[in-house]
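Student: What follows is the file query.cif, containing mmCIF, C-alpha atoms:
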data_model
#
loop_
_atom_site.label_atom_id
_atom_site.label_comp_id
_atom_site.auth_asym_id
_atom_site.auth_seq_id
_atom_site.Cartn_x
_atom_site.Cartn_y
_atom_site.Cartn_z
CA MET I 1 37.40 34.82 -38.36
CA PRO I 2 39.37 37.83 -37.78
CA VAL I 3 39.28 39.46 -34.41
CA GLU I 4 37.83 42.67 -35.75
CA MET I 5 34.82 40.90 -37.11
CA ASN I 6 34.14 39.14 -33.82
CA GLN I 7 34.40 42.43 -32.03
CA THR I 8 31.92 44.06 -34.48
CA ILE I 9 29.46 41.20 -34.02
CA ALA I 10 29.74 41.48 -30.24
CA GLU I 11 29.11 45.20 -30.37
CA ALA I 12 26.06 44.63 -32.58
CA SER I 13 24.51 41.99 -30.35
CA LEU I 14 21.09 42.49 -28.76
CA ASP I 15 22.62 42.63 -25.29
CA ASN I 16 24.27 45.92 -26.12
CA LEU I 17 21.08 47.61 -27.37
CA HIS I 18 19.54 50.33 -25.21
CA ASP I 19 15.99 51.66 -25.14
CA ILE I 20 15.31 54.32 -27.72
CA ILE I 21 14.37 57.76 -26.48
CA VAL I 22 10.74 58.48 -27.45
CA PRO I 23 9.96 62.17 -28.00
CA GLU I 24 7.08 63.76 -26.09
CA GLY I 25 3.68 63.75 -27.78
CA VAL I 26 2.57 66.83 -29.61
CA GLY I 27 0.18 68.81 -27.39
CA PHE I 28 -2.95 70.64 -28.45
CA PHE I 29 -1.95 73.84 -26.74
CA PRO I 30 -0.72 76.42 -27.41
CA LEU I 31 -2.58 76.59 -30.70
CA SER I 32 -0.89 77.88 -33.78
CA SER I 33 -2.07 81.19 -35.19
CA GLY I 34 -4.01 79.47 -37.99
CA TRP I 35 -6.15 77.52 -35.53
CA ILE I 36 -6.76 80.67 -33.48
CA ILE I 37 -8.05 82.43 -36.61
CA VAL I 38 -10.32 79.48 -37.47
CA LEU I 39 -11.63 79.35 -33.88
CA LEU I 40 -12.36 83.10 -33.89
CA LEU I 41 -14.11 82.81 -37.24
CA VAL I 42 -16.30 79.93 -36.00
CA LEU I 43 -17.16 81.83 -32.81
CA THR I 44 -18.03 84.95 -34.83
CA LEU I 45 -20.29 82.97 -37.15
CA MET I 46 -21.99 81.26 -34.21
CA PHE I 47 -22.62 84.64 -32.58
CA HIS I 48 -23.95 86.10 -35.84
CA PHE I 49 -26.36 83.23 -36.46
CA GLY I 50 -27.44 83.27 -32.82
CA VAL I 51 -28.31 86.96 -33.05
CA GLN I 52 -30.19 86.37 -36.32
CA ALA I 53 -32.18 83.51 -34.77
CA TYR I 54 -33.03 85.66 -31.74
CA LYS I 55 -34.21 88.52 -33.98
CA ARG I 56 -36.36 86.12 -36.02
CA TYR I 57 -37.79 84.72 -32.79
CA GLN I 58 -38.65 88.25 -31.60
CA ARG I 59 -40.15 89.21 -34.99
CA THR I 60 -42.53 86.25 -34.94
CA ARG I 61 -43.65 86.67 -31.35
CA TYR I 62 -46.99 88.08 -32.47
CA LYS I 63 -47.67 84.77 -34.26
CA ARG I 64 -47.08 82.73 -31.12
CA ASP I 65 -49.24 85.09 -29.06
CA ALA I 66 -52.02 84.97 -31.65
CA LEU I 67 -51.98 81.17 -31.81
CA GLU I 68 -52.22 81.05 -28.04
CA ALA I 69 -55.17 83.47 -28.05
CA LEU I 70 -56.81 81.49 -30.86
CA GLU I 71 -57.03 78.33 -28.77
CA ASN I 72 -59.26 80.04 -26.22
CA GLU I 73 -61.60 81.76 -28.71
CA SER I 74 -64.98 80.56 -29.88
CA ASP I 75 -66.62 83.85 -30.87
CA LEU I 76 -66.70 84.62 -34.60
CA LEU I 77 -66.16 88.35 -34.24
CA LYS I 78 -63.17 87.81 -31.97
CA LEU I 79 -61.68 85.25 -34.37
CA LEU I 80 -61.96 87.65 -37.29
CA SER I 81 -60.56 90.55 -35.27
CA LEU I 82 -57.64 88.33 -34.24
CA ALA I 83 -56.90 87.66 -37.91
CA LYS I 84 -57.06 91.40 -38.59
CA ARG I 85 -54.75 92.17 -35.64
CA VAL I 86 -52.23 89.66 -36.99
CA GLY I 87 -52.41 91.41 -40.35
CA ILE I 88 -51.83 94.79 -38.68
CA ALA I 89 -48.86 93.43 -36.73
CA ALA I 90 -47.35 91.91 -39.87
CA TYR I 91 -48.07 94.53 -42.53
CA GLY I 92 -48.87 97.75 -40.70
CA ARG I 93 -52.08 99.57 -39.89
CA GLU I 94 -52.04 101.73 -43.06
CA LYS I 95 -52.06 98.71 -45.35
CA ILE I 96 -54.56 96.54 -43.45
CA ALA I 97 -57.10 99.04 -42.11
CA VAL I 98 -58.42 99.82 -45.59
CA LEU I 99 -59.04 96.16 -46.45
CA TRP I 100 -62.51 94.72 -45.90
CA GLY I 101 -64.83 92.22 -47.52
CA ASP I 102 -63.52 90.48 -50.61
CA THR I 103 -60.38 92.64 -50.71
CA TRP I 104 -59.46 91.37 -47.23
CA TRP I 105 -60.12 87.74 -48.17
CA ASP I 106 -58.10 88.15 -51.39
CA PHE I 107 -55.28 89.77 -49.47
CA MET I 108 -55.23 86.87 -47.01
CA ALA I 109 -55.19 84.38 -49.88
CA SER I 110 -52.36 86.18 -51.67
CA ARG I 111 -50.12 86.29 -48.59
CA SER I 112 -50.64 82.78 -47.23
CA ASN I 113 -51.93 79.28 -47.91
CA VAL I 114 -55.45 80.14 -46.73
CA LYS I 115 -58.27 80.04 -49.25
CA VAL I 116 -61.68 81.09 -47.92
CA GLU I 117 -64.54 79.46 -49.80
CA LYS I 118 -67.43 81.60 -51.06
CA THR I 119 -69.87 79.63 -48.91
CA LEU I 120 -67.84 80.35 -45.79
CA ARG I 121 -67.61 84.02 -46.72
CA THR I 122 -71.39 84.10 -47.09
CA GLU I 123 -71.87 82.34 -43.74
CA ILE I 124 -69.55 84.82 -42.03
CA ALA I 125 -71.39 87.78 -43.55
CA LYS I 126 -74.75 86.32 -42.46
CA ASP I 127 -73.52 85.82 -38.92
CA LEU I 128 -72.09 89.31 -38.70
CA TYR I 129 -75.01 91.23 -40.23
CA ASP I 130 -78.12 89.11 -39.61
CA GLU I 131 -78.98 89.21 -35.92
CA HIS I 132 -81.39 86.26 -36.25
CA TYR I 133 -78.75 83.97 -37.77
CA SER I 134 -76.28 81.96 -35.73
CA MET I 135 -73.38 80.06 -37.24
CA ASP I 136 -73.21 76.37 -36.35
CA ALA I 137 -70.23 74.86 -34.55
CA LYS I 138 -68.94 73.09 -37.67
CA MET I 139 -68.66 76.35 -39.61
CA LEU I 140 -67.13 78.09 -36.62
CA GLU I 141 -64.44 75.39 -36.53
CA LYS I 142 -63.79 76.02 -40.22
CA VAL I 143 -63.31 79.72 -39.47
CA LYS I 144 -61.00 78.87 -36.60
CA ALA I 145 -59.01 76.52 -38.86
CA PHE I 146 -58.52 79.11 -41.60
CA VAL I 147 -57.52 81.76 -39.06
CA ARG I 148 -54.96 79.29 -37.67
CA VAL I 149 -53.60 78.64 -41.18
CA TRP I 150 -53.48 82.41 -41.85
CA ILE I 151 -51.49 83.02 -38.67
CA LYS I 152 -49.05 80.19 -39.34
CA THR I 153 -48.44 80.65 -43.06
CA HIS I 154 -48.73 84.36 -43.91
CA LYS I 155 -45.57 85.82 -45.40
CA VAL I 156 -44.23 89.25 -44.54
CA GLU I 157 -42.11 91.11 -47.11
CA SER I 158 -39.00 90.59 -44.94
CA ASP I 159 -39.64 86.79 -44.97
CA VAL I 160 -39.81 86.55 -48.76
#
Before we go any further, please render this structure as structure tokens.
Tutor:
Amino acid sequence: MPVEMNQTIAEASLDNLHDIIVPEGVGFFPLSSGWIIVLLLVLTLMFHFGVQAYKRYQRTRYKRDALEALENESDLLKLLSLAKRVGIAAYGREKIAVLWGDTWWDFMASRSNVKVEKTLRTEIAKDLYDEHYSMDAKMLEKVKAFVRVWIKTHKVESDV
């Protein structure tokens, strides 16, 4: 073998190899301008949706207060006035104050999932206008249940 070839083999041997220089890892910071824009957009959206959720929470406060008051009520007149107060808070005094009797029941049915049976309407009218009549506990619980459903499920124009 020629001398040059032996010298080339010796230079290429493993003993002459050195460690390779590894570059530093790519860091997360400083961020590129694209990531800064994405981060600002995400933060803006989070702020926007947070404000919207807070406004919705504030708008429906009357519902939470009414449900809390409902749990402590057992008087028919107070239950019905609570339902009326919820209607006033949701739709305004001008729209609700003129509703009474069947127009009020129909309004409640059209704006929520509550359907008041004719027999229950008759029982409520008897209790309110006949001083010798007293509604039994079962019927009073029905009234309380439909007032609860009215409070929970009524829809305001801004909700639709």
Student: For the provided coordinates, the residues matched by the PyMOL selection byres ((chain I and resi 115) around 12) should be stated as number ranges by chain.
Tutor: I: 102, 104-114, 116-121, 142-143, 145-147, 149-150, 153-154
Student: Taking the file above as input, evaluate the PyMOL selection byres ((chain I and resi 123-128) around 9) and report the hits as a PyMOL selection string.
Tutor: chain I and resi 76-77+101+118-122+129-135+139-140+143
Student: Mind giving me the straight-line distance from CA of Tyr91 in chain I to CA of Ser74 in chain I in Å, one decimal?
Tutor: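 Those two atoms sit 25.3 Å apart.
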Student: Between CA of Pro23 in chain I and CA of Leu39 in chain I, what is the spacing in Å?
Tutor: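 So the answer is 28.2 Å.
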Student: Could you tell me how far CA of Tyr57 in chain I sits from CA of Leu45 in chain I, in Å to one decimal place?
Tutor: 18.1 Å
Student: Could you tell me which of I:Ile20, I:Ala90, I:Leu82, I:Val42 comes closest to Lys144 in chain I if we count all atoms listed in the file?
Tutor: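 Checking each of I:Ile20, I:Ala90, I:Leu82, I:Val42 against Lys144 in chain I, counting all atoms listed in the file, the winner is I:Leu82.
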Student: Can you report as JSON the centre and edge lengths in Å, to one decimal, of an axis-aligned box around the listed atoms of range 97-112 of chain I padded with 5 Å on each side?
Tutor:
{"center_x": -57.5, "center_y": 91.3, "center_z": -46.9, "size_x": 24.7, "size_y": 27.0, "size_z": 19.6}
Student: Here is a test: counting all atoms listed in the file, which residue of I:Val86, I:Val98, I:Leu79, I:Ile37 is nearest to Arg61 in chain I?
Tutor: I:Val86
Student: I need every residue sitting at most 10 Å from the point (-40.7, 87.8, -38.9) (coordinates as in the file, all atoms listed in the file considered), written as an MDAnalysis selection string.
Tutor: chainID I and resid 55:63 90 155:160
Student: Just add N, CA and C atoms to range 91-127 of chain I and send it as a compact mmCIF listing (two decimals), in the coordinates of the input.
Tutor:
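Result file result-v1.txt:
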# COMPACT_ATOMS: atom_id res chain seq x y z
N TYR I 91 -48.17 93.66 -41.36
CA TYR I 91 -48.07 94.53 -42.53
C TYR I 91 -48.27 96.01 -42.24
N GLY I 92 -48.68 96.34 -41.04
CA GLY I 92 -48.87 97.75 -40.70
C GLY I 92 -50.33 98.17 -40.81
N ARG I 93 -50.70 99.10 -39.97
CA ARG I 93 -52.08 99.57 -39.89
C ARG I 93 -52.53 100.22 -41.20
N GLU I 94 -51.66 100.99 -41.84
CA GLU I 94 -52.04 101.73 -43.06
C GLU I 94 -52.45 100.78 -44.18
N LYS I 95 -51.78 99.65 -44.27
CA LYS I 95 -52.06 98.71 -45.35
C LYS I 95 -53.28 97.85 -45.06
N ILE I 96 -53.51 97.50 -43.80
CA ILE I 96 -54.56 96.54 -43.45
C ILE I 96 -55.89 97.21 -43.14
N ALA I 97 -55.86 98.39 -42.55
CA ALA I 97 -57.10 99.04 -42.11
C ALA I 97 -58.06 99.32 -43.27
N VAL I 98 -57.56 99.51 -44.45
CA VAL I 98 -58.42 99.82 -45.59
C VAL I 98 -59.02 98.57 -46.24
N LEU I 99 -58.55 97.40 -45.84
CA LEU I 99 -59.04 96.16 -46.45
C LEU I 99 -60.27 95.65 -45.72
N TRP I 100 -61.30 95.29 -46.48
CA TRP I 100 -62.51 94.72 -45.90
C TRP I 100 -63.21 93.91 -46.99
N GLY I 101 -64.08 93.03 -46.57
CA GLY I 101 -64.83 92.22 -47.52
C GLY I 101 -63.94 91.35 -48.38
N ASP I 102 -64.27 91.33 -49.69
CA ASP I 102 -63.52 90.48 -50.61
C ASP I 102 -62.07 90.92 -50.75
N THR I 103 -61.78 92.20 -50.61
CA THR I 103 -60.38 92.64 -50.71
C THR I 103 -59.56 92.06 -49.56
N TRP I 104 -60.17 91.97 -48.38
CA TRP I 104 -59.46 91.37 -47.23
C TRP I 104 -59.24 89.88 -47.46
N TRP I 105 -60.26 89.18 -47.93
CA TRP I 105 -60.12 87.74 -48.17
C TRP I 105 -59.08 87.49 -49.25
N ASP I 106 -59.09 88.31 -50.31
CA ASP I 106 -58.10 88.15 -51.39
C ASP I 106 -56.69 88.45 -50.89
N PHE I 107 -56.58 89.46 -50.04
CA PHE I 107 -55.28 89.77 -49.47
C PHE I 107 -54.76 88.60 -48.64
N MET I 108 -55.63 88.02 -47.82
CA MET I 108 -55.23 86.87 -47.01
C MET I 108 -54.79 85.71 -47.90
N ALA I 109 -55.52 85.48 -48.98
CA ALA I 109 -55.19 84.38 -49.88
C ALA I 109 -53.87 84.63 -50.61
N SER I 110 -53.60 85.89 -50.93
CA SER I 110 -52.36 86.18 -51.67
C SER I 110 -51.12 86.12 -50.79
N ARG I 111 -51.27 86.26 -49.49
CA ARG I 111 -50.12 86.29 -48.59
C ARG I 111 -49.91 85.00 -47.81
N SER I 112 -50.79 84.02 -48.00
CA SER I 112 -50.64 82.78 -47.23
C SER I 112 -51.24 81.62 -48.00
N ASN I 113 -51.35 80.48 -47.31
CA ASN I 113 -51.93 79.28 -47.91
C ASN I 113 -53.42 79.17 -47.64
N VAL I 114 -54.04 80.21 -47.09
CA VAL I 114 -55.45 80.14 -46.73
C VAL I 114 -56.31 80.54 -47.93
N LYS I 115 -57.30 79.74 -48.20
CA LYS I 115 -58.27 80.04 -49.25
C LYS I 115 -59.66 79.94 -48.61
N VAL I 116 -60.36 81.06 -48.54
CA VAL I 116 -61.68 81.09 -47.92
C VAL I 116 -62.73 80.87 -49.00
N GLU I 117 -63.51 79.81 -48.82
CA GLU I 117 -64.54 79.46 -49.80
C GLU I 117 -65.64 80.52 -49.81
N LYS I 118 -66.31 80.63 -50.94
CA LYS I 118 -67.43 81.60 -51.06
C LYS I 118 -68.53 81.28 -50.06
N THR I 119 -68.80 79.99 -49.85
CA THR I 119 -69.87 79.63 -48.91
C THR I 119 -69.51 80.07 -47.49
N LEU I 120 -68.26 79.92 -47.13
CA LEU I 120 -67.84 80.35 -45.79
C LEU I 120 -67.87 81.87 -45.67
N ARG I 121 -67.52 82.56 -46.74
CA ARG I 121 -67.61 84.02 -46.72
C ARG I 121 -69.06 84.46 -46.53
N THR I 122 -69.97 83.78 -47.21
CA THR I 122 -71.39 84.10 -47.09
C THR I 122 -71.89 83.82 -45.67
N GLU I 123 -71.48 82.69 -45.11
CA GLU I 123 -71.87 82.34 -43.74
C GLU I 123 -71.35 83.38 -42.74
N ILE I 124 -70.12 83.83 -42.93
CA ILE I 124 -69.55 84.82 -42.03
C ILE I 124 -70.32 86.14 -42.13
N ALA I 125 -70.64 86.55 -43.37
CA ALA I 125 -71.39 87.78 -43.55
C ALA I 125 -72.78 87.67 -42.92
N LYS I 126 -73.42 86.52 -43.08
CA LYS I 126 -74.75 86.32 -42.46
C LYS I 126 -74.66 86.44 -40.94
N ASP I 127 -73.65 85.80 -40.38
CA ASP I 127 -73.52 85.82 -38.92
C ASP I 127 -73.23 87.22 -38.40
